[in-house]
Amino acid sequence: MHLLECSLSSLRSWLSQHGEPDFRARQIWRWLYAARAERFDDMTDLPQSLRVALAEHWQIWTTRVAMHRRAPDGTEKLLLELHDGQRVECVLIRQRQRRTVCISTQVGCGMGCVFCASGLDGVVRNLTAGEIVEQMLRLVRLLDPNERLTHIVVMGMGEPLANVAQLLPALDRATDEQGLGISARRVTISTVGLPAGLRKLAAAGKQYHLAVSLHAADDVLRNRLVPINRNIGLRAVLSGVDEFFRRTGRRPTFEYVLLADVNDRPDDARRLVRLLSGRPTLLNVIPYNPVAGLPYRSPDRQSIERFLTIVRRGGINAQVRRRKGAEIDAACGQLRRMAAPAGSTP
Ligand code: SAH
């Protein structure tokens, strides 16, 4: 049994079946989520007999660190091997006072974005809530004792809203005072905008920040770049986003990966202005991080500036996202592909 899969109340009932008092559950959680314990033997205020019983029943870790890289800018990336041999990536980003973890929700991805390394082989499976939590805890253990986790971004491999059922309990653990204690407002969920998932997320009633991967301002181009869009369409994406805003009061961000000569032309910028104007939003422009074997390029600085000028003149609040960890292939899915044994599907 995976302990990180387990809610505080189910841990309590397991403990009471074993004749242990209620407060033990909180003690164990404090060791896992706050005190960065690695094993039950580190939990020094538990009776020895309980530590043995716990170790017999529960596994804290179900993944193995297959690779650990650290970039000069302090970004660290883990490639985790899951119990079934599948691999996922997760990243720790250090930026001034911020300590952000970027986590995956699926092995692979089914959205098919043509420029992204994660989805090239489709989706293999959803991660469990425990596997999502485990990424966060593994990354937190890379922090120095005086460093604290401040933000969580669900921007790793996979489409989070295709796995809401496992994502929400994992984020409950992250935002729980007894868990990692991160405020929901400091959790960002990045999605292509699946309407059913947006509705479920809005219904959860949490103050999560929503980031929507737009990448194109019309359906013809978006169908090409984000193929799942053929089943959805921009209109449904935007109405789902508007509903999320109405229900949560949280202003969404739109993400736009700039691909040279594909979606970075003045006309693209003007279409984007027409699509977003009147919406209380922030546009995150992300210069493409090239993926080996794919034909897309990042625009030069001039084209990026030209694009930004047009959208800003159009009244859109836009910023460029700085690249972190480029030296360690920190863009989604790149490490997993690289680390795959030759000739096999990762
Ligand atoms: N499936 C979700 C979350 C994962 S990716 C989504 O689509 O939002 C997080 C963001 O990184 C998305 O906006 C995605 O389009 C973008 N992205 C993927 N590959 C990239 C690359 N090589 N360079 C820059 N951004 C990339």
# chains A, B, ... in the order shown; residues from 1 in each chain; ligands from 1
$ residues_around --residues "range 152-166 of chain A" --least-positions-apart "4" --cutoff "7 Å" --atoms "only C-alpha atoms" --output "ChimeraX atom specification"
/A:89-90,100-109,118,126,128-129,170,186-191,194,197,332-333
$ select_by_dssp --residues "range 32-142 of chain A" --states "strand (DSSP E)" --output "PyMOL selection string"
chain A and resi 64-70+76-81+87-95+98-102+106-108+123-126
$ residues_around --residues "range 311-323 of chain A" --least-positions-apart "2" --cutoff "9 Å" --atoms "only C-alpha atoms" --output "compact mmCIF listing (two decimals) with all heavy atoms, in the first residue's frame"
# COMPACT_ATOMS: atom_id res chain seq x y z
N ALA A 269 -0.86 37.97 -34.10
CA ALA A 269 -0.97 38.84 -32.92
C ALA A 269 -2.28 39.62 -32.94
O ALA A 269 -2.96 39.75 -31.92
CB ALA A 269 0.23 39.80 -32.87
N ARG A 270 -2.66 40.10 -34.12
CA ARG A 270 -3.90 40.88 -34.22
C ARG A 270 -5.12 40.01 -33.94
O ARG A 270 -6.08 40.42 -33.29
CB ARG A 270 -4.00 41.55 -35.60
CG ARG A 270 -3.06 42.76 -35.72
CD ARG A 270 -3.34 43.56 -36.99
NE ARG A 270 -2.71 42.94 -38.16
CZ ARG A 270 -1.47 43.24 -38.58
NH1 ARG A 270 -0.74 44.15 -37.96
NH2 ARG A 270 -0.98 42.65 -39.64
N LEU A 272 -5.15 37.45 -32.05
CA LEU A 272 -5.13 37.19 -30.61
C LEU A 272 -5.75 38.35 -29.84
O LEU A 272 -6.51 38.15 -28.88
CB LEU A 272 -3.67 36.96 -30.18
CG LEU A 272 -3.41 36.36 -28.81
CD1 LEU A 272 -4.16 35.04 -28.63
CD2 LEU A 272 -1.91 36.15 -28.61
N VAL A 273 -5.46 39.56 -30.30
CA VAL A 273 -6.05 40.75 -29.66
C VAL A 273 -7.58 40.67 -29.77
O VAL A 273 -8.30 40.87 -28.80
CB VAL A 273 -5.52 42.04 -30.31
CG1 VAL A 273 -6.33 43.25 -29.85
CG2 VAL A 273 -4.04 42.22 -29.97
N ARG A 274 -8.06 40.34 -30.97
CA ARG A 274 -9.52 40.29 -31.16
C ARG A 274 -10.14 39.21 -30.27
O ARG A 274 -11.20 39.39 -29.69
CB ARG A 274 -9.87 40.01 -32.63
CG ARG A 274 -9.71 41.24 -33.52
CD ARG A 274 -10.45 41.06 -34.84
NE ARG A 274 -9.84 40.04 -35.69
CZ ARG A 274 -8.79 40.27 -36.49
NH1 ARG A 274 -8.24 41.48 -36.55
NH2 ARG A 274 -8.29 39.31 -37.23
N LEU A 276 -8.99 37.95 -27.37
CA LEU A 276 -8.87 38.12 -25.91
C LEU A 276 -9.34 39.48 -25.40
O LEU A 276 -9.47 39.66 -24.19
CB LEU A 276 -7.41 37.90 -25.47
CG LEU A 276 -6.85 36.49 -25.68
CD1 LEU A 276 -5.43 36.41 -25.10
CD2 LEU A 276 -7.74 35.42 -25.03
N SER A 277 -9.56 40.43 -26.31
CA SER A 277 -9.84 41.77 -25.80
C SER A 277 -11.15 41.75 -25.01
O SER A 277 -12.10 41.04 -25.34
CB SER A 277 -9.88 42.81 -26.92
OG SER A 277 -10.99 42.55 -27.72
N GLY A 278 -11.15 42.50 -23.93
CA GLY A 278 -12.32 42.52 -23.06
C GLY A 278 -12.27 41.47 -21.97
O GLY A 278 -13.09 41.46 -21.07
N ARG A 279 -11.30 40.56 -22.07
CA ARG A 279 -11.19 39.53 -21.03
C ARG A 279 -10.15 39.95 -20.00
O ARG A 279 -9.07 40.39 -20.36
CB ARG A 279 -10.74 38.20 -21.63
CG ARG A 279 -11.81 37.48 -22.36
CD ARG A 279 -11.41 36.03 -22.55
NE ARG A 279 -12.60 35.23 -22.75
CZ ARG A 279 -13.27 35.21 -23.88
NH1 ARG A 279 -12.90 35.93 -24.89
NH2 ARG A 279 -14.36 34.46 -23.97
N PRO A 280 -10.47 39.82 -18.72
CA PRO A 280 -9.48 40.15 -17.70
C PRO A 280 -8.44 39.05 -17.64
O PRO A 280 -8.67 37.99 -17.05
CB PRO A 280 -10.31 40.17 -16.40
CG PRO A 280 -11.45 39.25 -16.68
CD PRO A 280 -11.68 39.22 -18.17
N THR A 281 -7.33 39.24 -18.31
CA THR A 281 -6.40 38.12 -18.42
C THR A 281 -4.96 38.58 -18.55
O THR A 281 -4.69 39.75 -18.79
CB THR A 281 -6.77 37.25 -19.63
OG1 THR A 281 -5.97 36.08 -19.61
CG2 THR A 281 -6.52 37.98 -20.94
N LEU A 282 -4.08 37.62 -18.37
CA LEU A 282 -2.66 37.85 -18.60
C LEU A 282 -2.23 36.89 -19.70
O LEU A 282 -2.61 35.73 -19.69
CB LEU A 282 -1.89 37.56 -17.31
CG LEU A 282 -0.37 37.60 -17.41
CD1 LEU A 282 0.11 39.03 -17.62
CD2 LEU A 282 0.27 37.01 -16.16
N LEU A 283 -1.47 37.40 -20.65
CA LEU A 283 -0.96 36.55 -21.72
C LEU A 283 0.51 36.24 -21.43
O LEU A 283 1.33 37.14 -21.29
CB LEU A 283 -1.09 37.26 -23.07
CG LEU A 283 -0.60 36.48 -24.28
CD1 LEU A 283 -1.53 35.31 -24.59
CD2 LEU A 283 -0.46 37.38 -25.49
N ASN A 284 0.81 34.94 -21.35
CA ASN A 284 2.18 34.51 -21.14
C ASN A 284 2.77 34.06 -22.46
O ASN A 284 2.34 33.02 -23.01
CB ASN A 284 2.18 33.31 -20.18
CG ASN A 284 2.98 33.58 -18.95
OD1 ASN A 284 3.94 34.35 -18.98
ND2 ASN A 284 2.59 32.95 -17.86
N VAL A 285 3.70 34.82 -23.00
CA VAL A 285 4.30 34.46 -24.27
C VAL A 285 5.56 33.65 -23.98
O VAL A 285 6.43 34.08 -23.22
CB VAL A 285 4.64 35.72 -25.08
CG1 VAL A 285 5.41 35.37 -26.34
CG2 VAL A 285 3.35 36.46 -25.44
N ILE A 286 5.62 32.43 -24.54
CA ILE A 286 6.73 31.52 -24.23
C ILE A 286 7.51 31.21 -25.50
O ILE A 286 7.02 30.48 -26.36
CB ILE A 286 6.19 30.19 -23.65
CG1 ILE A 286 5.18 30.46 -22.52
CG2 ILE A 286 7.32 29.29 -23.19
CD1 ILE A 286 4.26 29.28 -22.25
N PRO A 287 8.72 31.79 -25.65
CA PRO A 287 9.51 31.43 -26.82
C PRO A 287 9.77 29.92 -26.82
O PRO A 287 10.10 29.35 -25.79
CB PRO A 287 10.82 32.21 -26.63
CG PRO A 287 10.48 33.28 -25.65
CD PRO A 287 9.41 32.73 -24.77
N ASN A 289 11.00 26.25 -26.86
CA ASN A 289 12.22 25.57 -26.44
C ASN A 289 12.39 24.38 -27.39
O ASN A 289 11.65 23.41 -27.30
CB ASN A 289 12.00 25.11 -24.99
CG ASN A 289 13.26 24.63 -24.34
OD1 ASN A 289 14.30 24.51 -24.97
ND2 ASN A 289 13.16 24.33 -23.05
N ILE A 304 9.84 38.37 -31.59
CA ILE A 304 9.18 38.30 -30.28
C ILE A 304 8.71 39.70 -29.88
O ILE A 304 7.55 39.89 -29.48
CB ILE A 304 10.12 37.71 -29.20
CG1 ILE A 304 10.53 36.28 -29.56
CG2 ILE A 304 9.47 37.75 -27.82
CD1 ILE A 304 11.58 35.65 -28.66
N ARG A 306 8.13 42.27 -31.83
CA ARG A 306 7.06 42.72 -32.73
C ARG A 306 5.72 42.15 -32.29
O ARG A 306 4.71 42.85 -32.20
CB ARG A 306 7.39 42.23 -34.16
CG ARG A 306 6.46 42.73 -35.24
CD ARG A 306 6.83 42.13 -36.59
NE ARG A 306 6.76 40.66 -36.55
CZ ARG A 306 7.25 39.86 -37.49
NH1 ARG A 306 7.85 40.36 -38.55
NH2 ARG A 306 7.14 38.55 -37.38
N PHE A 307 5.73 40.86 -31.95
CA PHE A 307 4.50 40.21 -31.49
C PHE A 307 3.97 40.87 -30.22
O PHE A 307 2.79 41.21 -30.11
CB PHE A 307 4.79 38.72 -31.25
CG PHE A 307 3.56 37.88 -31.04
CD1 PHE A 307 2.92 37.29 -32.12
CD2 PHE A 307 3.06 37.67 -29.76
CE1 PHE A 307 1.79 36.51 -31.93
CE2 PHE A 307 1.92 36.89 -29.56
CZ PHE A 307 1.29 36.31 -30.65
N LEU A 308 4.90 41.09 -29.28
CA LEU A 308 4.51 41.69 -27.99
C LEU A 308 3.95 43.10 -28.17
O LEU A 308 2.96 43.47 -27.53
CB LEU A 308 5.73 41.77 -27.08
CG LEU A 308 6.05 40.51 -26.28
CD1 LEU A 308 7.37 40.72 -25.54
CD2 LEU A 308 4.94 40.18 -25.30
N THR A 309 4.60 43.87 -29.04
CA THR A 309 4.16 45.25 -29.25
C THR A 309 2.72 45.27 -29.75
O THR A 309 1.89 46.02 -29.26
CB THR A 309 5.09 45.95 -30.27
OG1 THR A 309 6.43 45.81 -29.79
CG2 THR A 309 4.74 47.41 -30.42
N GLY A 325 16.46 26.40 -16.80
CA GLY A 325 16.88 25.01 -16.90
C GLY A 325 17.04 24.48 -18.31
O GLY A 325 17.00 23.28 -18.54
N ALA A 326 17.26 25.40 -19.27
CA ALA A 326 17.40 24.94 -20.66
C ALA A 326 18.56 23.95 -20.80
O ALA A 326 18.50 23.02 -21.60
CB ALA A 326 17.61 26.13 -21.59
$ decode --residues "range 149-165 of chain A" --atoms "all heavy atoms" --output "compact mmCIF listing (two decimals), in the first residue's frame"
# COMPACT_ATOMS: atom_id res chain seq x y z
N LEU A 149 9.29 25.34 0.04
CA LEU A 149 8.48 25.30 -1.18
C LEU A 149 7.47 26.44 -1.13
O LEU A 149 6.82 26.66 -0.10
CB LEU A 149 7.75 23.95 -1.25
CG LEU A 149 6.78 23.77 -2.41
CD1 LEU A 149 7.54 23.73 -3.73
CD2 LEU A 149 5.96 22.50 -2.24
N THR A 150 7.33 27.18 -2.25
CA THR A 150 6.36 28.28 -2.26
C THR A 150 5.26 28.10 -3.31
O THR A 150 4.15 28.58 -3.12
CB THR A 150 7.04 29.65 -2.50
OG1 THR A 150 7.68 29.62 -3.79
CG2 THR A 150 8.06 29.96 -1.42
N HIS A 151 5.57 27.46 -4.44
CA HIS A 151 4.60 27.37 -5.54
C HIS A 151 4.59 25.97 -6.16
O HIS A 151 5.61 25.29 -6.16
CB HIS A 151 4.93 28.38 -6.65
CG HIS A 151 4.73 29.81 -6.24
ND1 HIS A 151 5.63 30.47 -5.44
CD2 HIS A 151 3.76 30.70 -6.53
CE1 HIS A 151 5.20 31.72 -5.24
NE2 HIS A 151 4.07 31.88 -5.90
N ILE A 152 3.44 25.62 -6.72
CA ILE A 152 3.31 24.37 -7.46
C ILE A 152 2.74 24.69 -8.83
O ILE A 152 1.73 25.41 -8.93
CB ILE A 152 2.37 23.39 -6.72
CG1 ILE A 152 2.99 23.01 -5.36
CG2 ILE A 152 2.11 22.14 -7.57
CD1 ILE A 152 2.03 22.26 -4.46
N VAL A 153 3.37 24.21 -9.88
CA VAL A 153 2.77 24.35 -11.21
C VAL A 153 2.55 22.96 -11.81
O VAL A 153 3.45 22.12 -11.81
CB VAL A 153 3.61 25.25 -12.17
CG1 VAL A 153 3.70 26.67 -11.65
CG2 VAL A 153 4.99 24.71 -12.42
N VAL A 154 1.34 22.74 -12.29
CA VAL A 154 1.02 21.45 -12.92
C VAL A 154 1.21 21.68 -14.42
O VAL A 154 0.27 21.94 -15.15
CB VAL A 154 -0.40 21.00 -12.57
CG1 VAL A 154 -0.63 19.57 -13.04
CG2 VAL A 154 -0.65 21.10 -11.06
N MET A 155 2.49 21.63 -14.81
CA MET A 155 2.87 21.96 -16.19
C MET A 155 3.86 20.94 -16.73
O MET A 155 4.56 21.21 -17.69
CB MET A 155 3.55 23.33 -16.25
CG MET A 155 2.63 24.49 -16.04
SD MET A 155 3.45 26.02 -16.48
CE MET A 155 2.18 27.19 -16.02
N GLY A 156 3.93 19.79 -16.08
CA GLY A 156 4.85 18.77 -16.56
C GLY A 156 4.19 17.95 -17.65
O GLY A 156 3.38 18.46 -18.43
N MET A 157 4.54 16.66 -17.69
CA MET A 157 3.97 15.81 -18.73
C MET A 157 2.49 15.55 -18.48
O MET A 157 2.06 15.39 -17.34
CB MET A 157 4.71 14.47 -18.74
CG MET A 157 6.14 14.60 -19.21
SD MET A 157 7.08 13.11 -18.91
CE MET A 157 5.92 11.91 -19.49
N GLY A 158 1.74 15.48 -19.57
CA GLY A 158 0.34 15.08 -19.47
C GLY A 158 -0.62 16.24 -19.44
O GLY A 158 -0.23 17.39 -19.29
N GLU A 159 -1.89 15.91 -19.59
CA GLU A 159 -2.96 16.92 -19.55
C GLU A 159 -3.68 16.77 -18.20
O GLU A 159 -4.43 15.80 -18.00
CB GLU A 159 -3.90 16.71 -20.74
CG GLU A 159 -5.19 17.47 -20.68
CD GLU A 159 -5.03 18.97 -20.35
OE1 GLU A 159 -4.18 19.64 -20.95
OE2 GLU A 159 -5.77 19.44 -19.46
N PRO A 160 -3.47 17.73 -17.29
CA PRO A 160 -4.04 17.60 -15.94
C PRO A 160 -5.55 17.41 -15.93
O PRO A 160 -6.07 16.63 -15.13
CB PRO A 160 -3.67 18.92 -15.26
CG PRO A 160 -2.70 19.61 -16.13
CD PRO A 160 -2.67 18.95 -17.45
N LEU A 161 -6.26 18.08 -16.84
CA LEU A 161 -7.72 17.99 -16.79
C LEU A 161 -8.24 16.70 -17.43
O LEU A 161 -9.43 16.41 -17.39
CB LEU A 161 -8.37 19.22 -17.40
CG LEU A 161 -8.08 20.53 -16.64
CD1 LEU A 161 -8.98 21.65 -17.14
CD2 LEU A 161 -8.23 20.36 -15.14
N ALA A 162 -7.33 15.90 -18.00
CA ALA A 162 -7.72 14.55 -18.44
C ALA A 162 -7.56 13.58 -17.26
O ALA A 162 -7.87 12.40 -17.38
CB ALA A 162 -6.88 14.11 -19.63
N ASN A 163 -7.06 14.06 -16.14
CA ASN A 163 -6.85 13.22 -14.96
C ASN A 163 -7.26 13.97 -13.69
O ASN A 163 -6.56 13.91 -12.68
CB ASN A 163 -5.37 12.79 -14.91
CG ASN A 163 -5.10 11.73 -13.84
OD1 ASN A 163 -6.02 11.10 -13.33
ND2 ASN A 163 -3.83 11.55 -13.50
N VAL A 164 -8.39 14.67 -13.76
CA VAL A 164 -8.85 15.48 -12.62
C VAL A 164 -9.08 14.61 -11.38
O VAL A 164 -8.83 15.04 -10.25
CB VAL A 164 -10.18 16.20 -12.93
CG1 VAL A 164 -10.47 17.28 -11.92
CG2 VAL A 164 -10.16 16.81 -14.31
N ALA A 165 -9.57 13.38 -11.61
CA ALA A 165 -9.94 12.53 -10.48
C ALA A 165 -8.74 12.24 -9.58
O ALA A 165 -8.89 12.08 -8.37
CB ALA A 165 -10.54 11.23 -10.99
